[in-house]
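Enquirer: Contents are compact mmCIF, N, CA and C atoms; file name model-v2.txt:
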# COMPACT_ATOMS: atom_id res chain seq x y z
N MET A 190 0.85 -1.17 0.00
CA MET A 190 0.00 0.00 0.00
C MET A 190 0.89 1.23 0.00
N THR A 191 0.56 2.18 -0.84
CA THR A 191 1.31 3.42 -0.96
C THR A 191 0.52 4.51 -0.26
N THR A 192 1.18 5.36 0.50
CA THR A 192 0.48 6.43 1.19
C THR A 192 1.22 7.74 1.03
N GLY A 193 0.62 8.79 1.56
CA GLY A 193 1.28 10.09 1.60
C GLY A 193 1.28 10.78 0.26
N ALA A 194 2.46 10.92 -0.34
CA ALA A 194 2.60 11.71 -1.55
C ALA A 194 2.11 11.00 -2.79
N SER A 195 1.66 9.77 -2.70
CA SER A 195 1.14 9.07 -3.88
C SER A 195 -0.12 9.76 -4.36
N VAL A 196 -0.31 9.77 -5.67
CA VAL A 196 -1.46 10.45 -6.24
C VAL A 196 -2.08 9.62 -7.33
N ALA A 197 -3.26 10.04 -7.79
CA ALA A 197 -4.03 9.25 -8.73
C ALA A 197 -3.76 9.58 -10.18
N SER A 198 -3.13 10.68 -10.50
CA SER A 198 -2.94 11.02 -11.91
C SER A 198 -1.66 11.81 -12.11
N ASP A 199 -1.23 11.88 -13.37
CA ASP A 199 -0.03 12.65 -13.69
C ASP A 199 -0.21 14.13 -13.38
N GLN A 200 -1.46 14.63 -13.46
CA GLN A 200 -1.72 16.04 -13.21
C GLN A 200 -1.36 16.44 -11.78
N THR A 201 -1.53 15.55 -10.84
CA THR A 201 -1.28 15.89 -9.44
C THR A 201 0.00 15.29 -8.90
N ALA A 202 0.74 14.55 -9.72
CA ALA A 202 1.93 13.83 -9.26
C ALA A 202 2.98 14.76 -8.67
N ALA A 203 3.10 15.99 -9.17
CA ALA A 203 4.14 16.90 -8.71
C ALA A 203 3.70 17.76 -7.53
N LEU A 204 2.43 17.64 -7.11
CA LEU A 204 1.93 18.50 -6.05
C LEU A 204 2.16 17.89 -4.68
N PRO A 205 2.64 18.69 -3.73
CA PRO A 205 2.78 18.16 -2.36
C PRO A 205 1.41 18.02 -1.71
N PRO A 206 1.27 17.07 -0.76
CA PRO A 206 -0.03 16.86 -0.12
C PRO A 206 -0.33 17.92 0.94
N VAL A 207 -1.63 18.18 1.14
CA VAL A 207 -2.07 19.06 2.21
C VAL A 207 -1.87 18.36 3.55
N TRP A 208 -2.22 17.07 3.63
CA TRP A 208 -2.11 16.27 4.85
C TRP A 208 -1.30 15.03 4.55
N PRO A 209 0.00 15.02 4.78
CA PRO A 209 0.82 13.83 4.50
C PRO A 209 0.29 12.61 5.26
N GLY A 210 0.20 11.49 4.54
CA GLY A 210 -0.23 10.23 5.14
C GLY A 210 -1.72 10.00 5.19
N LEU A 211 -2.54 10.98 4.77
CA LEU A 211 -4.00 10.82 4.82
C LEU A 211 -4.53 9.95 3.70
N CYS A 212 -3.91 10.04 2.53
CA CYS A 212 -4.43 9.29 1.39
C CYS A 212 -3.28 8.64 0.61
N GLY A 213 -3.67 7.74 -0.26
CA GLY A 213 -2.71 7.03 -1.09
C GLY A 213 -3.38 6.56 -2.35
N THR A 214 -2.68 5.79 -3.13
CA THR A 214 -3.25 5.24 -4.36
C THR A 214 -2.66 3.86 -4.60
N ASP A 215 -3.43 3.04 -5.28
CA ASP A 215 -2.97 1.72 -5.70
C ASP A 215 -3.60 1.44 -7.07
N ASP A 216 -3.55 0.21 -7.53
CA ASP A 216 -4.09 -0.11 -8.85
C ASP A 216 -5.57 0.21 -8.99
N ALA A 217 -6.32 0.23 -7.89
CA ALA A 217 -7.75 0.53 -7.93
C ALA A 217 -8.04 2.03 -7.83
N GLY A 218 -7.00 2.86 -7.65
CA GLY A 218 -7.19 4.30 -7.58
C GLY A 218 -6.93 4.85 -6.19
N PRO A 219 -7.34 6.11 -5.95
CA PRO A 219 -7.06 6.76 -4.67
C PRO A 219 -7.90 6.17 -3.53
N PHE A 220 -7.37 6.30 -2.31
CA PHE A 220 -8.07 5.85 -1.11
C PHE A 220 -7.63 6.69 0.08
N LEU A 221 -8.42 6.66 1.13
CA LEU A 221 -8.02 7.22 2.41
C LEU A 221 -7.35 6.11 3.20
N VAL A 222 -6.39 6.46 4.02
CA VAL A 222 -5.71 5.45 4.83
C VAL A 222 -6.55 5.21 6.09
N GLY A 223 -7.06 3.99 6.19
CA GLY A 223 -7.85 3.59 7.34
C GLY A 223 -7.10 2.59 8.18
N GLY A 224 -7.67 2.26 9.31
CA GLY A 224 -7.12 1.23 10.17
C GLY A 224 -8.19 0.18 10.42
N ARG A 225 -7.82 -1.08 10.32
CA ARG A 225 -8.77 -2.17 10.61
C ARG A 225 -8.19 -3.04 11.71
N CYS A 226 -9.01 -3.33 12.70
CA CYS A 226 -8.59 -4.15 13.84
C CYS A 226 -8.53 -5.62 13.44
N ALA A 227 -7.41 -6.26 13.70
CA ALA A 227 -7.23 -7.67 13.39
C ALA A 227 -8.07 -8.56 14.31
N LYS A 228 -8.47 -8.05 15.46
CA LYS A 228 -9.25 -8.86 16.41
C LYS A 228 -10.75 -8.77 16.17
N CYS A 229 -11.28 -7.55 15.94
CA CYS A 229 -12.74 -7.40 15.82
C CYS A 229 -13.19 -6.82 14.47
N SER A 230 -12.26 -6.47 13.58
CA SER A 230 -12.52 -5.93 12.24
C SER A 230 -13.11 -4.52 12.24
N TYR A 231 -13.11 -3.83 13.38
CA TYR A 231 -13.59 -2.46 13.44
C TYR A 231 -12.67 -1.60 12.56
N THR A 232 -13.27 -0.64 11.84
CA THR A 232 -12.51 0.20 10.91
C THR A 232 -12.59 1.65 11.33
N THR A 233 -11.46 2.36 11.22
CA THR A 233 -11.37 3.77 11.56
C THR A 233 -10.68 4.53 10.44
N LEU A 234 -10.81 5.85 10.45
CA LEU A 234 -10.00 6.69 9.59
C LEU A 234 -8.66 6.81 10.28
N GLU A 235 -7.59 6.41 9.65
CA GLU A 235 -6.21 6.34 10.11
C GLU A 235 -6.02 5.14 11.04
N VAL A 236 -4.77 4.77 11.19
CA VAL A 236 -4.41 3.65 12.07
C VAL A 236 -4.23 4.21 13.48
N ARG A 237 -4.85 3.56 14.44
CA ARG A 237 -4.77 4.01 15.83
C ARG A 237 -4.02 2.98 16.67
N PRO A 238 -3.38 3.42 17.75
CA PRO A 238 -2.62 2.48 18.58
C PRO A 238 -3.52 1.49 19.34
N ILE A 239 -4.77 1.90 19.62
CA ILE A 239 -5.72 1.05 20.34
C ILE A 239 -7.04 1.05 19.57
N CYS A 240 -7.62 -0.12 19.39
CA CYS A 240 -8.92 -0.22 18.72
C CYS A 240 -9.98 0.43 19.59
N PRO A 241 -10.75 1.40 19.07
CA PRO A 241 -11.77 2.06 19.88
C PRO A 241 -13.00 1.18 20.14
N SER A 242 -13.07 0.02 19.52
CA SER A 242 -14.20 -0.87 19.74
C SER A 242 -13.90 -1.94 20.79
N CYS A 243 -12.81 -2.70 20.59
CA CYS A 243 -12.50 -3.81 21.51
C CYS A 243 -11.32 -3.50 22.43
N TRP A 244 -10.69 -2.35 22.28
CA TRP A 244 -9.59 -1.88 23.11
C TRP A 244 -8.31 -2.69 22.97
N ALA A 245 -8.20 -3.48 21.92
CA ALA A 245 -6.97 -4.26 21.69
C ALA A 245 -5.84 -3.30 21.32
N GLN A 246 -4.68 -3.49 21.92
CA GLN A 246 -3.52 -2.64 21.63
C GLN A 246 -2.71 -3.25 20.51
N GLY A 247 -2.26 -2.39 19.56
CA GLY A 247 -1.41 -2.83 18.46
C GLY A 247 -2.09 -3.73 17.45
N SER A 248 -3.42 -3.75 17.44
CA SER A 248 -4.13 -4.64 16.52
C SER A 248 -4.61 -3.95 15.25
N MET A 249 -4.50 -2.62 15.19
CA MET A 249 -4.96 -1.87 14.02
C MET A 249 -3.89 -1.90 12.93
N HIS A 250 -4.32 -2.23 11.71
CA HIS A 250 -3.41 -2.31 10.56
C HIS A 250 -3.94 -1.44 9.42
N PRO A 251 -3.04 -0.84 8.63
CA PRO A 251 -3.48 0.02 7.53
C PRO A 251 -4.35 -0.74 6.53
N THR A 252 -5.39 -0.05 6.06
CA THR A 252 -6.27 -0.60 5.04
C THR A 252 -6.84 0.54 4.21
N PRO A 253 -6.97 0.36 2.90
CA PRO A 253 -7.56 1.42 2.08
C PRO A 253 -9.07 1.50 2.32
N ILE A 254 -9.58 2.70 2.52
CA ILE A 254 -11.01 2.93 2.70
C ILE A 254 -11.44 4.14 1.89
N GLY A 255 -12.74 4.36 1.79
CA GLY A 255 -13.28 5.62 1.29
C GLY A 255 -13.21 5.86 -0.19
N ARG A 256 -13.08 4.82 -1.00
CA ARG A 256 -13.04 5.05 -2.45
C ARG A 256 -14.36 5.62 -2.96
N ARG A 257 -15.45 5.23 -2.33
CA ARG A 257 -16.78 5.73 -2.68
C ARG A 257 -17.56 6.03 -1.42
N GLY A 258 -18.48 6.95 -1.53
CA GLY A 258 -19.34 7.29 -0.41
C GLY A 258 -20.57 8.02 -0.90
N ARG A 259 -21.47 8.32 0.03
CA ARG A 259 -22.70 9.07 -0.27
C ARG A 259 -22.68 10.39 0.47
N LEU A 260 -23.03 11.46 -0.24
CA LEU A 260 -23.03 12.78 0.37
C LEU A 260 -24.15 12.88 1.40
N TYR A 261 -23.77 13.15 2.64
CA TYR A 261 -24.73 13.29 3.73
C TYR A 261 -25.24 14.74 3.82
N THR A 262 -24.30 15.68 3.79
CA THR A 262 -24.64 17.10 3.80
C THR A 262 -23.43 17.90 3.34
N TYR A 263 -23.63 19.16 2.98
CA TYR A 263 -22.52 19.98 2.49
C TYR A 263 -22.81 21.46 2.71
N THR A 264 -21.77 22.26 2.53
CA THR A 264 -21.90 23.71 2.48
C THR A 264 -20.84 24.23 1.52
N VAL A 265 -21.09 25.39 0.96
CA VAL A 265 -20.12 26.05 0.08
C VAL A 265 -19.53 27.22 0.85
N ILE A 266 -18.21 27.26 0.92
CA ILE A 266 -17.49 28.31 1.65
C ILE A 266 -17.20 29.46 0.69
N HIS A 267 -17.74 30.63 1.02
CA HIS A 267 -17.52 31.83 0.19
C HIS A 267 -16.55 32.80 0.86
N GLN A 268 -16.45 32.75 2.20
CA GLN A 268 -15.50 33.58 2.94
C GLN A 268 -14.18 32.82 2.94
N LEU A 269 -13.30 33.15 2.01
CA LEU A 269 -12.13 32.32 1.73
C LEU A 269 -11.00 32.48 2.75
N PRO A 270 -10.54 31.34 3.31
CA PRO A 270 -9.36 31.38 4.16
C PRO A 270 -8.10 31.54 3.30
N ALA A 271 -6.99 31.82 3.93
CA ALA A 271 -5.72 31.96 3.22
C ALA A 271 -5.44 30.71 2.39
N GLY A 272 -4.97 30.91 1.17
CA GLY A 272 -4.60 29.81 0.29
C GLY A 272 -5.67 29.42 -0.71
N TYR A 273 -6.88 29.92 -0.56
CA TYR A 273 -7.97 29.57 -1.47
C TYR A 273 -8.27 30.75 -2.39
N ALA A 274 -8.43 30.48 -3.69
CA ALA A 274 -8.66 31.53 -4.67
C ALA A 274 -10.13 31.65 -5.07
N GLU A 275 -10.93 30.63 -4.78
CA GLU A 275 -12.35 30.65 -5.16
C GLU A 275 -13.15 29.85 -4.15
N SER A 276 -14.45 30.05 -4.18
CA SER A 276 -15.30 29.31 -3.24
C SER A 276 -15.12 27.81 -3.43
N PHE A 277 -15.33 27.06 -2.35
CA PHE A 277 -15.15 25.61 -2.40
C PHE A 277 -16.20 24.96 -1.52
N ALA A 278 -16.47 23.69 -1.79
CA ALA A 278 -17.48 22.95 -1.04
C ALA A 278 -16.81 21.94 -0.10
N VAL A 279 -17.41 21.78 1.07
CA VAL A 279 -17.01 20.76 2.03
C VAL A 279 -18.28 20.11 2.56
N GLY A 280 -18.15 18.91 3.06
CA GLY A 280 -19.32 18.25 3.61
C GLY A 280 -18.97 16.93 4.25
N TYR A 281 -20.00 16.25 4.71
CA TYR A 281 -19.84 14.92 5.29
C TYR A 281 -20.22 13.87 4.26
N VAL A 282 -19.38 12.85 4.16
CA VAL A 282 -19.59 11.74 3.23
C VAL A 282 -19.64 10.46 4.04
N ASP A 283 -20.71 9.68 3.83
CA ASP A 283 -20.85 8.38 4.48
C ASP A 283 -20.17 7.33 3.62
N LEU A 284 -19.13 6.70 4.18
CA LEU A 284 -18.36 5.69 3.46
C LEU A 284 -18.98 4.32 3.63
N ALA A 285 -18.71 3.43 2.69
CA ALA A 285 -19.22 2.06 2.75
C ALA A 285 -18.72 1.34 4.00
N GLU A 286 -17.58 1.76 4.54
CA GLU A 286 -16.99 1.12 5.71
C GLU A 286 -17.68 1.53 7.01
N GLY A 287 -18.73 2.34 6.92
CA GLY A 287 -19.47 2.75 8.12
C GLY A 287 -18.90 3.96 8.82
N ILE A 288 -18.07 4.72 8.13
CA ILE A 288 -17.43 5.90 8.70
C ILE A 288 -17.99 7.13 7.99
N ARG A 289 -18.26 8.19 8.72
CA ARG A 289 -18.67 9.47 8.13
C ARG A 289 -17.47 10.40 8.22
N VAL A 290 -16.99 10.89 7.07
CA VAL A 290 -15.82 11.77 7.04
C VAL A 290 -16.21 13.16 6.57
N PHE A 291 -15.49 14.15 7.07
CA PHE A 291 -15.63 15.53 6.62
C PHE A 291 -14.59 15.72 5.53
N ALA A 292 -15.02 16.18 4.36
CA ALA A 292 -14.10 16.23 3.22
C ALA A 292 -14.44 17.36 2.27
N HIS A 293 -13.49 17.67 1.40
CA HIS A 293 -13.75 18.57 0.29
C HIS A 293 -14.64 17.84 -0.71
N ILE A 294 -15.56 18.58 -1.33
CA ILE A 294 -16.47 18.03 -2.33
C ILE A 294 -16.31 18.87 -3.60
N GLU A 295 -16.34 18.20 -4.74
CA GLU A 295 -16.29 18.93 -6.01
C GLU A 295 -17.44 19.93 -6.04
N ASN A 296 -17.14 21.18 -6.33
CA ASN A 296 -18.15 22.25 -6.29
C ASN A 296 -18.89 22.34 -7.63
N THR A 297 -19.70 21.30 -7.92
CA THR A 297 -20.52 21.28 -9.13
C THR A 297 -21.94 20.88 -8.74
N PRO A 298 -22.94 21.31 -9.50
CA PRO A 298 -24.32 20.92 -9.18
C PRO A 298 -24.53 19.40 -9.17
N GLU A 299 -23.80 18.67 -10.03
CA GLU A 299 -23.94 17.22 -10.10
C GLU A 299 -23.45 16.55 -8.81
N ALA A 300 -22.35 17.02 -8.27
CA ALA A 300 -21.77 16.41 -7.07
C ALA A 300 -22.49 16.86 -5.80
N LEU A 301 -23.03 18.08 -5.79
CA LEU A 301 -23.62 18.63 -4.58
C LEU A 301 -25.11 18.32 -4.49
N ARG A 302 -25.42 17.04 -4.44
CA ARG A 302 -26.79 16.59 -4.24
C ARG A 302 -26.80 15.62 -3.06
N ILE A 303 -27.56 15.93 -2.03
CA ILE A 303 -27.65 15.06 -0.86
C ILE A 303 -28.05 13.66 -1.32
N GLY A 304 -27.34 12.65 -0.81
CA GLY A 304 -27.61 11.26 -1.18
C GLY A 304 -26.87 10.80 -2.42
N ARG A 305 -26.18 11.70 -3.10
CA ARG A 305 -25.46 11.38 -4.34
C ARG A 305 -24.26 10.50 -4.02
N GLU A 306 -24.07 9.42 -4.80
CA GLU A 306 -22.86 8.62 -4.66
C GLU A 306 -21.69 9.41 -5.23
N LEU A 307 -20.59 9.45 -4.49
CA LEU A 307 -19.40 10.19 -4.89
C LEU A 307 -18.20 9.27 -4.91
N GLU A 308 -17.19 9.69 -5.67
CA GLU A 308 -15.96 8.91 -5.81
C GLU A 308 -14.79 9.76 -5.34
N LEU A 309 -13.86 9.14 -4.63
CA LEU A 309 -12.68 9.85 -4.14
C LEU A 309 -11.73 10.17 -5.28
N THR A 310 -11.26 11.40 -5.32
CA THR A 310 -10.24 11.83 -6.27
C THR A 310 -9.14 12.53 -5.47
N ILE A 311 -8.02 12.76 -6.11
CA ILE A 311 -6.95 13.58 -5.54
C ILE A 311 -6.89 14.83 -6.41
N ALA A 312 -6.99 16.00 -5.77
CA ALA A 312 -7.10 17.24 -6.54
C ALA A 312 -6.34 18.36 -5.83
N PRO A 313 -5.93 19.39 -6.59
CA PRO A 313 -5.36 20.57 -5.95
C PRO A 313 -6.44 21.23 -5.09
N LEU A 314 -6.12 21.55 -3.83
CA LEU A 314 -7.11 22.12 -2.93
C LEU A 314 -6.83 23.58 -2.57
N LYS A 315 -5.57 23.91 -2.36
CA LYS A 315 -5.21 25.27 -1.94
C LYS A 315 -3.75 25.52 -2.23
N ARG A 316 -3.29 26.72 -1.94
CA ARG A 316 -1.88 27.09 -2.08
C ARG A 316 -1.29 27.34 -0.69
N ASP A 317 -0.03 26.98 -0.53
CA ASP A 317 0.62 27.27 0.75
C ASP A 317 1.11 28.73 0.73
N ASP A 318 1.77 29.16 1.80
CA ASP A 318 2.19 30.56 1.90
C ASP A 318 3.27 30.95 0.90
N LYS A 319 3.87 29.97 0.20
CA LYS A 319 4.85 30.26 -0.85
C LYS A 319 4.22 30.23 -2.24
N GLY A 320 2.90 29.96 -2.31
CA GLY A 320 2.21 29.90 -3.59
C GLY A 320 2.21 28.53 -4.25
N THR A 321 2.68 27.51 -3.54
CA THR A 321 2.71 26.15 -4.09
C THR A 321 1.35 25.49 -3.94
N ASN A 322 0.84 24.90 -5.02
CA ASN A 322 -0.42 24.17 -4.95
C ASN A 322 -0.24 22.93 -4.08
N LEU A 323 -1.20 22.69 -3.18
CA LEU A 323 -1.22 21.50 -2.34
C LEU A 323 -2.41 20.64 -2.75
N HIS A 324 -2.20 19.34 -2.81
CA HIS A 324 -3.30 18.46 -3.22
C HIS A 324 -3.80 17.64 -2.03
N GLY A 325 -4.98 17.09 -2.20
CA GLY A 325 -5.55 16.26 -1.15
C GLY A 325 -6.81 15.57 -1.64
N PRO A 326 -7.47 14.85 -0.75
CA PRO A 326 -8.67 14.12 -1.14
C PRO A 326 -9.86 15.04 -1.38
N ARG A 327 -10.59 14.76 -2.45
CA ARG A 327 -11.82 15.49 -2.77
C ARG A 327 -12.80 14.50 -3.39
N TYR A 328 -14.01 14.50 -2.90
CA TYR A 328 -15.04 13.63 -3.48
C TYR A 328 -15.70 14.34 -4.64
N ALA A 329 -15.96 13.57 -5.72
CA ALA A 329 -16.51 14.13 -6.94
C ALA A 329 -17.54 13.17 -7.54
N GLU A 330 -18.24 13.69 -8.53
CA GLU A 330 -19.17 12.85 -9.28
C GLU A 330 -18.39 11.67 -9.87
N PRO A 331 -18.93 10.44 -9.76
CA PRO A 331 -18.19 9.29 -10.30
C PRO A 331 -17.93 9.41 -11.79
N ARG A 332 -16.74 8.96 -12.19
CA ARG A 332 -16.41 8.96 -13.62
C ARG A 332 -17.25 7.91 -14.33
N ALA A 333 -17.56 8.16 -15.58
CA ALA A 333 -18.30 7.20 -16.38
C ALA A 333 -17.43 5.94 -16.59
N ALA A 334 -18.05 4.77 -16.58
CA ALA A 334 -17.32 3.53 -16.82
C ALA A 334 -16.74 3.55 -18.23
N GLU A 335 -15.49 3.13 -18.33
CA GLU A 335 -14.81 3.17 -19.63
C GLU A 335 -15.00 1.87 -20.36
Transcribe the structure of this file into structure tokens.
Expert:
Amino acid sequence: MTTGASVASDQTAALPPVWPGLCGTDDAGPFLVGGRCAKCSYTTLEVRPICPSCWAQGSMHPTPIGRRGRLYTYTVIHQLPAGYAESFAVGYVDLAEGIRVFAHIENTPEALRIGRELELTIAPLKRDDKGTNLHGPRYAEPRAAE
């Protein structure tokens, strides 16, 4: 499993990540780095030292999660924080693994529909204080099957 600076396309390959270690990519595409307990199979976002379900220590192992999810709710941010050049959408996405994550959402009418199935992508999200584009996970309308 590849994590951190790995990306899903040549367009984002040269961009540094906003959150190192949060996402990765493999042959199936981008994913969020989750943790799965070897004892009870409980899944979390990121690997934790102790399973929050069965309290087993050292039983959580990295696993790809979050390739697809359903939009639970969203908002569009118009009061831009430093590093953002245009309004952007964020919201909660319910993942198939039973986890609800707060994430960037593609700011299009197709993607911003409550209940819409979304697909994880890696995209430029903002610029750092030196003007460098930073990339990270963003949920978008699923690509058409090829």
Enquirer: Could you pull out the residues in range 210-300 of chain A that DSSP calls strand (DSSP E) from the backbone, as number ranges by chain?
Expert: A: 212-215, 218-226, 232-234, 249-254, 257-266, 277-284, 289-294
Enquirer: Would you mind listing what lies within 7 Å of range 316-327 of chain A as a ChimeraX atom specification, with only C-alpha atoms counted and same-chain residues fewer than 3 positions away left out?
Expert: /A:204-208,212,272-273,292-295,309-313
Enquirer: Let me make sure I understand: among A:Pro253, A:Arg237, A:Val265, A:Glu330, which one has the smallest atom-to-atom distance to Phe277 in chain A if we use all atoms listed in the file?
Expert: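 Of all the options, A:Val265 lies closest to Phe277 in chain A.
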Enquirer: For each of A:Pro209, A:Pro298, A:Gly287, A:Gly304, take the minimum atom-to-atom distance to Thr232 in chain A, counting only N, CA and C atoms, then give the residue where this is smallest.
Expert: A:Gly287
Enquirer: Suppose you want the space between CA of Tyr263 in chain A and atom C of Asp216 in chain A; what is it in Å?
Expert: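 Atom C of Asp216 in chain A lies 28.5 Å from CA of Tyr263 in chain A.
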Enquirer: Enclose the full set of atoms of range 303-310 of chain A listed in the file within a box whose edges lie along x, y and z, apply 5 Å of padding to each of the six sides, and report centre and edge lengths in Å to one decimal as JSON.
Expert:
{"center_x": -18.6, "center_y": 12.3, "center_z": -3.5, "size_x": 28.9, "size_y": 17.3, "size_z": 15.5}
Enquirer: Measuring between only N, CA and C atoms, which one of A:Ala329, A:Cys226, A:Cys243, A:Leu269 shows the shortest distance to Thr297 in chain A?
Expert: A:Ala329
Enquirer: What does the distance from CA of Asn296 in chain A to atom C of Gly218 in chain A come to in Å, to one decimal?
Expert: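 A separation of 20.7 Å between them.
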